[in-house]
>>> print(open('data19.txt').read())   # compact mmCIF, C-alpha atoms and all ligand atoms
# COMPACT_ATOMS: atom_id res chain seq x y z
CA MET L 24 170.51 85.57 71.95
CA LEU L 25 169.04 83.53 69.18
CA GLN L 26 169.60 86.44 66.81
CA THR L 27 173.23 86.83 67.69
CA ALA L 28 173.67 83.13 67.28
CA LEU L 29 172.06 83.32 63.87
CA SER L 30 174.07 86.37 62.77
CA GLN L 31 177.26 84.62 63.67
CA GLN L 32 176.16 81.73 61.58
CA PRO L 33 175.14 82.95 58.12
CA VAL L 34 174.32 79.44 56.91
CA ALA L 35 170.65 78.61 57.51
CA ALA L 36 170.29 76.76 60.77
CA PRO L 37 169.36 73.15 60.21
CA ALA L 38 165.69 72.40 60.81
CA PRO L 39 165.26 71.09 64.35
CA GLU L 40 165.65 67.38 64.09
CA HIS L 41 162.50 65.40 64.79
CA ARG L 42 163.28 63.15 67.69
CA PRO L 43 161.19 60.02 67.41
CA LEU L 44 159.02 59.37 70.44
CA ILE L 45 158.67 55.73 71.41
CA SER L 46 155.73 54.78 73.63
CA TYR L 47 155.66 51.74 75.84
CA VAL L 48 152.28 50.21 76.61
CA LEU L 49 152.68 48.24 79.82
CA PRO L 50 149.78 46.26 81.29
CA VAL L 51 150.05 45.69 85.02
CA TYR L 52 147.96 43.27 87.05
CA ASN L 53 149.17 42.45 90.58
CA GLU L 54 152.85 42.91 89.76
CA GLN L 55 153.93 44.64 93.00
CA ASP L 56 156.98 42.42 93.47
CA GLY L 57 158.41 42.92 90.03
CA ILE L 58 157.25 46.23 88.67
CA ALA L 59 159.96 48.42 90.21
CA ALA L 60 162.68 46.06 88.97
CA PHE L 61 161.05 46.10 85.56
CA HIS L 62 161.02 49.88 85.43
CA THR L 63 164.65 50.08 86.53
CA GLU L 64 165.73 47.64 83.85
CA LEU L 65 163.66 49.39 81.20
CA THR L 66 165.05 52.86 82.01
CA ALA L 67 168.58 51.44 82.11
CA ALA L 68 168.10 50.01 78.62
CA LEU L 69 166.61 53.26 77.32
CA ALA L 70 169.48 55.33 78.70
CA GLY L 71 171.61 53.78 75.98
CA ARG L 72 169.55 55.54 73.30
CA PRO L 73 169.84 59.28 73.93
CA GLU L 74 168.76 60.00 70.34
CA LEU L 75 165.21 58.83 71.11
CA ASP L 76 162.43 60.13 73.36
CA PHE L 77 160.38 57.69 75.38
CA GLU L 78 157.13 57.56 77.30
CA MET L 79 155.80 54.69 79.39
CA VAL L 80 152.07 54.14 79.68
CA TYR L 81 151.40 51.76 82.54
CA VAL L 82 147.85 50.44 82.52
CA ASN L 83 146.88 49.31 86.00
CA ASP L 84 144.32 46.63 85.24
CA GLY L 85 142.51 46.70 88.58
CA SER L 86 145.42 45.32 90.60
CA ALA L 87 144.37 44.24 94.09
CA ASP L 88 147.91 44.56 95.51
CA GLY L 89 150.26 47.53 95.95
CA SER L 90 151.05 47.89 92.23
CA LEU L 91 149.29 51.25 91.87
CA ALA L 92 151.19 52.81 94.79
CA ILE L 93 154.48 51.70 93.26
CA LEU L 94 153.45 53.05 89.86
CA ARG L 95 152.57 56.39 91.47
CA THR L 96 156.07 56.66 92.93
CA LEU L 97 157.53 55.86 89.51
CA ALA L 98 155.38 58.60 87.94
CA GLU L 99 156.50 61.12 90.57
CA ARG L 100 160.16 60.37 89.88
CA ASP L 101 159.98 60.08 86.11
CA VAL L 102 158.00 62.54 83.98
CA ARG L 103 157.94 60.05 81.12
CA VAL L 104 155.64 57.76 83.11
CA ARG L 105 151.88 57.89 82.77
CA ILE L 106 149.38 55.64 84.50
CA VAL L 107 145.95 54.67 83.26
CA ASP L 108 144.13 53.32 86.31
CA PHE L 109 141.24 51.01 85.43
CA ALA L 110 138.09 50.94 87.56
CA ARG L 111 138.42 47.14 87.81
CA ASN L 112 140.18 44.24 86.15
CA PHE L 113 139.24 44.21 82.47
CA GLY L 114 141.85 41.76 81.27
CA HIS L 115 145.19 41.89 79.52
CA GLN L 116 143.88 42.44 75.99
CA ILE L 117 141.69 45.37 77.05
CA ALA L 118 144.56 46.87 79.07
CA ILE L 119 146.72 46.82 75.94
CA THR L 120 143.90 48.49 74.02
CA ALA L 121 143.58 51.29 76.59
CA GLY L 122 147.35 51.83 76.47
CA LEU L 123 147.23 52.15 72.70
CA ASP L 124 144.41 54.68 73.02
CA VAL L 125 146.56 56.89 75.22
CA ALA L 126 150.05 56.38 73.74
CA ARG L 127 151.31 59.26 71.60
CA GLY L 128 154.55 57.90 70.23
CA ASP L 129 155.70 57.64 66.62
CA ALA L 130 156.02 53.97 67.44
CA VAL L 131 154.30 52.02 70.19
CA ILE L 132 155.75 48.97 71.89
CA VAL L 133 153.50 46.60 73.83
CA MET L 134 155.23 44.40 76.37
CA ASP L 135 154.68 42.47 79.60
CA THR L 136 155.79 44.03 82.86
CA ASP L 137 157.13 40.84 84.45
CA LEU L 138 160.53 40.97 82.69
CA GLN L 139 159.61 37.98 80.52
CA ASP L 140 159.90 40.31 77.57
CA PRO L 141 163.42 41.76 78.05
CA PRO L 142 163.58 45.57 77.70
CA ARG L 143 166.78 45.39 75.62
CA VAL L 144 164.91 43.38 72.97
CA SER L 145 162.40 46.23 72.64
CA LEU L 146 165.26 48.36 71.32
CA GLU L 147 165.92 45.75 68.65
CA LEU L 148 162.29 46.21 67.64
CA VAL L 149 162.93 49.95 67.39
CA ASP L 150 165.92 49.29 65.10
CA ALA L 151 163.77 47.14 62.81
CA TRP L 152 161.17 49.92 62.76
CA ARG L 153 163.77 52.52 61.84
CA GLU L 154 164.79 50.28 58.96
CA GLY L 155 161.28 50.57 57.57
CA ALA L 156 159.09 47.92 59.20
CA GLU L 157 155.63 49.07 60.28
CA ILE L 158 154.89 46.11 62.56
CA VAL L 159 157.69 44.26 64.35
CA HIS L 160 156.74 41.02 66.09
CA ALA L 161 159.00 39.71 68.83
CA ARG L 162 159.12 36.00 68.25
CA ARG L 163 159.89 33.59 71.09
CA ARG L 164 162.83 31.49 70.05
CA SER L 165 162.79 29.79 73.41
CA ARG L 166 160.76 30.23 76.57
CA GLN L 167 161.16 29.28 80.21
CA ASP L 168 157.52 28.54 80.99
CA THR L 169 156.29 25.21 82.33
CA ALA L 170 156.26 22.24 79.95
CA PHE L 171 152.45 22.35 79.97
CA LYS L 172 152.28 26.00 78.93
CA ARG L 173 154.94 25.49 76.27
CA THR L 174 153.21 22.48 74.74
CA THR L 175 149.71 23.97 74.77
CA ALA L 176 150.97 27.27 73.32
CA HIS L 177 152.93 25.42 70.64
CA LEU L 178 149.90 23.35 69.61
CA TYR L 179 147.55 26.31 69.83
CA TYR L 180 149.48 28.54 67.47
CA ARG L 181 149.56 25.76 64.92
CA VAL L 182 145.83 25.00 65.21
CA LEU L 183 145.10 28.70 64.92
CA ARG L 184 147.19 28.98 61.83
CA SER L 185 145.46 26.08 60.12
CA SER L 186 141.93 27.14 61.10
CA THR L 187 142.07 30.86 60.32
CA GLU L 188 142.88 32.84 57.24
CA VAL L 189 145.01 35.42 58.98
CA ASP L 190 148.67 34.62 59.04
CA ILE L 191 149.47 34.96 62.73
CA PRO L 192 153.25 34.55 63.07
CA LEU L 193 154.11 31.42 65.02
CA ASP L 194 155.11 31.78 68.68
CA THR L 195 154.45 35.47 69.10
CA GLY L 196 152.64 36.89 72.12
CA ASP L 197 151.68 40.52 72.45
CA PHE L 198 155.26 41.80 72.55
CA ARG L 199 155.54 43.88 69.42
CA LEU L 200 156.12 47.33 67.96
CA LEU L 201 153.53 49.21 65.94
CA ASP L 202 154.14 52.23 63.78
CA ARG L 203 151.94 55.25 64.58
CA ARG L 204 149.87 54.63 61.44
CA VAL L 205 149.21 51.01 62.46
CA ALA L 206 148.39 52.01 66.05
CA ASP L 207 145.88 54.57 64.76
CA GLU L 208 144.21 51.99 62.53
CA LEU L 209 144.21 49.41 65.32
CA ARG L 210 142.31 51.83 67.52
CA LYS L 211 139.38 51.58 65.12
CA TYR L 212 138.90 47.93 66.02
CA ARG L 213 136.55 48.04 68.98
CA GLU L 214 135.42 44.42 69.22
CA LYS L 215 134.82 43.22 72.77
CA SER L 216 136.37 39.76 72.97
CA ARG L 217 139.60 40.76 71.39
CA PHE L 218 142.69 38.90 70.37
CA VAL L 219 145.04 41.78 69.71
CA ARG L 220 147.90 39.78 68.20
CA GLY L 221 145.49 38.27 65.65
CA ILE L 222 144.03 41.63 64.70
CA VAL L 223 147.50 43.10 64.19
CA ALA L 224 148.61 40.16 62.06
CA SER L 225 145.49 40.49 59.92
CA MET L 226 146.13 44.17 59.21
CA GLY L 227 148.83 43.80 56.59
CA TYR L 228 151.47 46.55 56.40
CA ARG L 229 155.18 45.79 56.33
CA GLN L 230 155.65 43.17 59.03
CA THR L 231 158.85 41.67 60.28
CA GLU L 232 160.09 39.59 63.20
CA VAL L 233 162.84 39.79 65.76
CA ALA L 234 163.66 36.54 67.58
CA PHE L 235 164.39 36.53 71.30
CA ASP L 236 164.73 34.15 74.21
CA ARG L 237 161.87 34.59 76.63
CA ASP L 238 163.00 34.79 80.23
CA GLU L 239 161.38 33.48 83.33
CA ARG L 240 158.97 35.63 85.27
CA PHE L 241 161.00 37.90 87.57
CA ALA L 242 158.49 37.73 90.43
CA GLY L 243 154.99 36.56 91.16
CA GLU L 244 152.96 34.04 89.24
CA THR L 245 151.43 34.00 85.81
CA LYS L 246 148.23 36.02 85.61
CA TYR L 247 146.99 33.65 82.95
CA PRO L 248 145.56 30.63 84.73
CA LEU L 249 144.17 27.85 82.57
CA ARG L 250 140.71 29.44 82.52
CA LYS L 251 141.96 32.74 81.08
CA MET L 252 144.25 30.93 78.67
CA ALA L 253 141.30 28.89 77.38
CA LYS L 254 139.22 32.05 76.97
CA LEU L 255 141.95 33.79 75.03
CA ALA L 256 142.39 30.68 72.88
CA ILE L 257 138.68 30.54 72.07
CA ASP L 258 138.57 34.28 71.38
CA GLY L 259 141.49 33.81 68.99
CA VAL L 260 139.73 31.17 66.94
CA THR L 261 136.25 32.70 67.01
CA SER L 262 137.58 36.19 66.15
CA PHE L 263 138.95 35.01 62.86
CA SER L 264 137.23 31.87 61.82
CA THR L 265 133.87 30.17 61.44
CA VAL L 266 135.59 26.81 61.07
CA PRO L 267 134.01 25.55 64.35
CA LEU L 268 130.54 26.25 62.88
CA LYS L 269 131.43 24.42 59.69
CA MET L 270 132.71 21.54 61.77
CA ILE L 271 129.22 21.14 63.24
CA THR L 272 127.88 20.55 59.72
CA ARG L 273 130.60 18.00 59.06
CA LEU L 274 129.91 16.33 62.37
CA GLY L 275 126.21 16.24 61.46
CA PHE L 276 126.98 14.46 58.20
CA ALA L 277 129.21 11.95 59.95
CA VAL L 278 126.58 11.21 62.59
CA LEU L 279 123.89 10.93 59.91
CA THR L 280 125.94 8.38 57.99
CA LEU L 281 126.55 6.45 61.17
CA SER L 282 122.85 6.52 62.09
CA MET L 283 121.96 5.14 58.64
CA VAL L 284 123.98 2.07 59.51
CA GLY L 285 122.20 1.85 62.87
CA ILE L 286 118.77 2.29 61.31
CA LEU L 287 119.37 -0.40 58.69
CA TYR L 288 120.68 -2.73 61.36
CA ALA L 289 117.65 -2.13 63.62
CA LEU L 290 115.19 -2.71 60.77
CA ALA L 291 116.98 -5.86 59.63
CA MET L 292 116.87 -7.18 63.19
CA LYS L 293 113.18 -6.42 63.53
CA PHE L 294 112.23 -8.28 60.39
CA PHE L 295 114.68 -11.16 60.37
CA ARG L 296 115.39 -11.80 64.05
CA PRO L 297 112.23 -10.72 65.91
CA ASP L 298 113.29 -12.94 68.81
CA ILE L 299 116.14 -10.62 69.94
CA THR L 300 114.70 -7.14 69.33
CA VAL L 301 114.06 -6.46 73.03
CA SER L 302 117.66 -6.97 74.01
CA GLY L 303 118.80 -3.66 72.46
CA TRP L 304 119.11 -1.64 75.68
CA THR L 305 122.88 -1.13 75.46
CA MET L 306 122.62 0.03 71.88
CA LEU L 307 119.83 2.43 72.79
CA MET L 308 121.84 4.01 75.59
CA VAL L 309 124.90 4.37 73.40
CA VAL L 310 122.94 6.09 70.67
CA VAL L 311 120.95 8.40 72.95
CA LEU L 312 123.96 9.50 74.98
CA PHE L 313 126.17 9.95 71.93
CA LEU L 314 123.61 12.08 70.14
CA GLY L 315 122.97 14.05 73.32
CA GLY L 316 126.66 14.80 73.62
CA VAL L 317 127.05 15.80 70.00
CA GLN L 318 124.07 18.12 70.24
CA MET L 319 125.25 19.80 73.44
CA LEU L 320 128.67 20.33 71.92
CA SER L 321 127.21 21.85 68.79
CA LEU L 322 124.95 24.12 70.82
CA GLY L 323 127.98 25.20 72.83
CA VAL L 324 129.85 26.19 69.68
CA ILE L 325 126.87 28.09 68.31
CA GLY L 326 126.37 29.64 71.75
CA THR L 327 129.94 30.95 71.75
CA TYR L 328 129.31 32.85 68.55
CA ILE L 329 125.94 34.09 69.79
CA GLY L 330 127.63 35.28 73.00
CA ARG L 331 129.99 37.37 70.88
CA ILE L 332 127.06 38.89 68.99
CA TYR L 333 125.30 39.60 72.30
CA SER L 334 128.20 41.48 73.84
CA GLU L 335 128.72 43.47 70.64
CA ALA L 336 125.01 44.33 70.52
CA GLN L 337 125.12 45.68 74.07
CA GLY L 338 127.64 48.24 72.88
CA ARG L 339 129.12 48.81 76.33
CA PRO L 340 132.39 50.68 76.72
CA LEU L 341 135.48 48.51 76.42
CA TYR L 342 136.89 49.74 79.72
CA LEU L 343 136.36 52.28 82.49
CA VAL L 344 139.17 54.48 83.73
CA ARG L 345 139.33 55.85 87.27
CA GLU L 346 142.17 58.25 86.64
CA VAL L 347 145.02 59.05 84.29
CA ILE L 348 148.08 60.02 86.30
CA GLY L 349 151.10 61.93 85.06
CA GLY L 350 151.88 63.45 81.65
CA SER L 351 149.96 66.33 80.12
CA ARG L 352 146.32 65.62 79.44
CA ALA L 353 145.79 68.68 77.25
CA ASP L 354 145.84 66.86 73.92
CA ASP L 355 144.04 63.66 74.96
N1 LIG Q 401 147.86 41.26 82.83
C1 LIG Q 401 146.87 42.24 82.88
N2 LIG Q 401 145.59 41.87 83.19
C2 LIG Q 401 145.23 40.56 83.45
C3 LIG Q 401 146.26 39.59 83.35
C4 LIG Q 401 147.55 39.96 83.04
O1 LIG Q 401 147.13 43.42 82.66
O2 LIG Q 401 144.06 40.31 83.73
C5 LIG Q 401 149.25 41.67 82.51
C6 LIG Q 401 150.33 41.16 83.45
O3 LIG Q 401 150.56 42.04 84.51
C7 LIG Q 401 151.53 41.05 82.52
C8 LIG Q 401 150.91 40.73 81.18
O4 LIG Q 401 149.54 41.11 81.26
O5 LIG Q 401 152.23 42.26 82.41
C9 LIG Q 401 151.02 39.27 80.83
O6 LIG Q 401 150.54 38.45 81.87
P1 LIG Q 401 151.35 37.20 82.40
O7 LIG Q 401 152.80 37.54 82.46
O8 LIG Q 401 150.74 36.73 83.66
O9 LIG Q 401 151.08 36.15 81.25
P2 LIG Q 401 152.13 35.04 80.73
O10 LIG Q 401 153.39 35.75 80.40
O11 LIG Q 401 152.28 34.08 81.85
O12 LIG Q 401 151.44 34.47 79.53
MG MG Q 402 154.44 36.91 81.67
>>> encode(input="data19.txt", output="structure tokens", more="lines below")
Ligand code: UDP
Ligand code: MG
Amino acid sequence: MLQTALSQQPVAAPAPEHRPLISYVLPVYNEQDGIAAFHTELTAALAGRPELDFEMVYVNDGSADGSLAILRTLAERDVRVRIVDFARNFGHQIAITAGLDVARGDAVIVMDTDLQDPPRVSLELVDAWREGAEIVHARRRSRQDTAFKRTTAHLYYRVLRSSTEVDIPLDTGDFRLLDRRVADELRKYREKSRFVRGIVASMGYRQTEVAFDRDERFAGETKYPLRKMAKLAIDGVTSFSTVPLKMITRLGFAVLTLSMVGILYALAMKFFRPDITVSGWTMLMVVVLFLGGVQMLSLGVIGTYIGRIYSEAQGRPLYLVREVIGGSRADD
């Protein structure tokens, strides 16, 4: 049949067009109430781009609810869906990393599965990529989070920018597109306490931004309570900067200068006003407690860096997978 088709058409058949494959890396942690709606909205958006192929890599980050069962149904109905099921909760940043390890697309898009990152915006990222960008950050023009989260995030990104050398674009989360080349290079970064958005920004390549309005969470609550947010914030700074360590030295100098004043004062009192030297209890307490606090704080900062060295030295695997569901595993 092919031959007859060819003989009827003497002109050389055009080379089969390479259809770009776009991978979605989708971390899921206890999203049972929103995940099906997310998938529906994503597939609806993708249906508008028949010229592209898509795959969705859902990383189930040890969800304790029915998320996995829902993902399984999605995988049964849609061959483009693959699931990486973690053995336990390893955290958002590790889930993204696992997704990137598995994704096969010519471009990879990382996005939240709570509909805060709108699926239609991901197609704008694809357009920017097709125009030549190798990394496309989705920048939050506005967001619907609580005032507290907005303010802390706003401040944090600015502190990060001033304390690190990498130019992390302001107000970007992990919603971004990476070209295959960038994704391959990113996979070589295996540090444990990772801040993916910082690593990507530090990589170079042709980077660009697409602005979008961040929606409210479709269902459920944020999986980033204050504790996790603080950890991510500390990982961000300590991954890229030793400024906190240098600040200890500066603090030491400041305290030393201050203690000189105290020492001179104490000596002067001893020699010129011996009658009141015993009444220095308040001063003593202030000095002891202040120095104690400064030292604890400094030890904490040093400890944070030592903790990072410790976990790197252990060399444990970044994550453990129970099962990869759906898709062909032949080339993995
Ligand atoms: N997430 C995850 N593991 C976690 C915490 C969160 O995979 O330990 C996922 C979560 O399901 C969501 C994304 O990471 O798809 C971002 O989390 P969330 O929406 O709670 O963060 P926020 O948007 O509030 O910063
Ligand atoms: Mg969210």
>>> residues_near_ligand(input="data19.txt", ligand="ligand MG 402 (chain Q)", cutoff="6 Å", atoms="only C-alpha atoms and all ligand atoms", output="list of chain:residue names")
L:Asp135, L:Asp137, L:Gln139, L:Arg240, L:Thr245
>>> write_last_selection(input="data19.txt", atoms="C-alpha atoms", output="PDB file, in the frame of the given file")
ATOM      1  CA  ASP L 135     154.680  42.470  79.600  1.00  0.00           C
ATOM      2  CA  ASP L 137     157.130  40.840  84.450  1.00  0.00           C
ATOM      3  CA  GLN L 139     159.610  37.980  80.520  1.00  0.00           C
ATOM      4  CA  ARG L 240     158.970  35.630  85.270  1.00  0.00           C
ATOM      5  CA  THR L 245     151.430  34.000  85.810  1.00  0.00           C
TER       6      THR L 245
END
>>> closest_residue(input="data19.txt", among="L:Phe294, L:Phe263, L:Phe77, L:Tyr228", to="L:Glu214", atoms="all atoms listed in the file")
L:Phe263
>>> residues_around(input="data19.txt", residues="L:Ile332", least_positions_apart="3", cutoff="12 Å", atoms="all atoms listed in the file", output="ChimeraX atom specification")
/L:214-216,261-262,325-329,335-338
>>> residues_near_ligand(input="data19.txt", ligand="ligand LIG 401 (chain Q)", cutoff="8 Å", atoms="all atoms listed in the file", output="ChimeraX atom specification")
/L:49-54,82-85,112-116,118-119,134-137,139,168,196,240,244-247
>>> residues_around(input="data19.txt", residues="stretch 95-105 of chain L", least_positions_apart="6", cutoff="10 Å", atoms="only C-alpha atoms", output="VMD selection string")
chain L and resid 46 to 48 58 to 59 62 to 63 66 76 to 82 122 125 to 126 347 to 351
>>> atom_distance(input="data19.txt", atom1="atom CA of L:Arg143", atom2="atom CA of L:Arg164")
15.5 Å
>>> atom_distance(input="data19.txt", atom1="atom CA of L:Gln55", atom2="atom CA of L:Asp88")
6.5 Å
>>> axis_aligned_box(input="data19.txt", around="stretch 270-276 of chain L", padding_each_side="4 Å", output="JSON")
{"center_x": 129.5, "center_y": 18.0, "center_z": 60.7, "size_x": 14.5, "size_y": 15.1, "size_z": 13.0}
>>> atom_distance(input="data19.txt", atom1="atom CA of L:Leu193", atom2="atom CA of L:Asp258")
17.0 Å
>>> closest_residue(input="data19.txt", among="L:Arg42, L:Lys293, L:Arg217, L:Lys269", to="L:Lys254", atoms="only C-alpha atoms")
L:Arg217
>>> residues_around(input="data19.txt", residues="L:Thr195", least_positions_apart="6", cutoff="12 Å", atoms="all atoms listed in the file", output="number ranges by chain")
L: 134, 140, 159-166, 176-177, 179-181, 219-221, 223-224, 231-237
>>> residues_around(input="data19.txt", residues="L:Leu75", least_positions_apart="5", cutoff="8 Å", atoms="all atoms listed in the file", output="list in words")
Arg42, Pro43, Leu44 and Ile45 of chain L
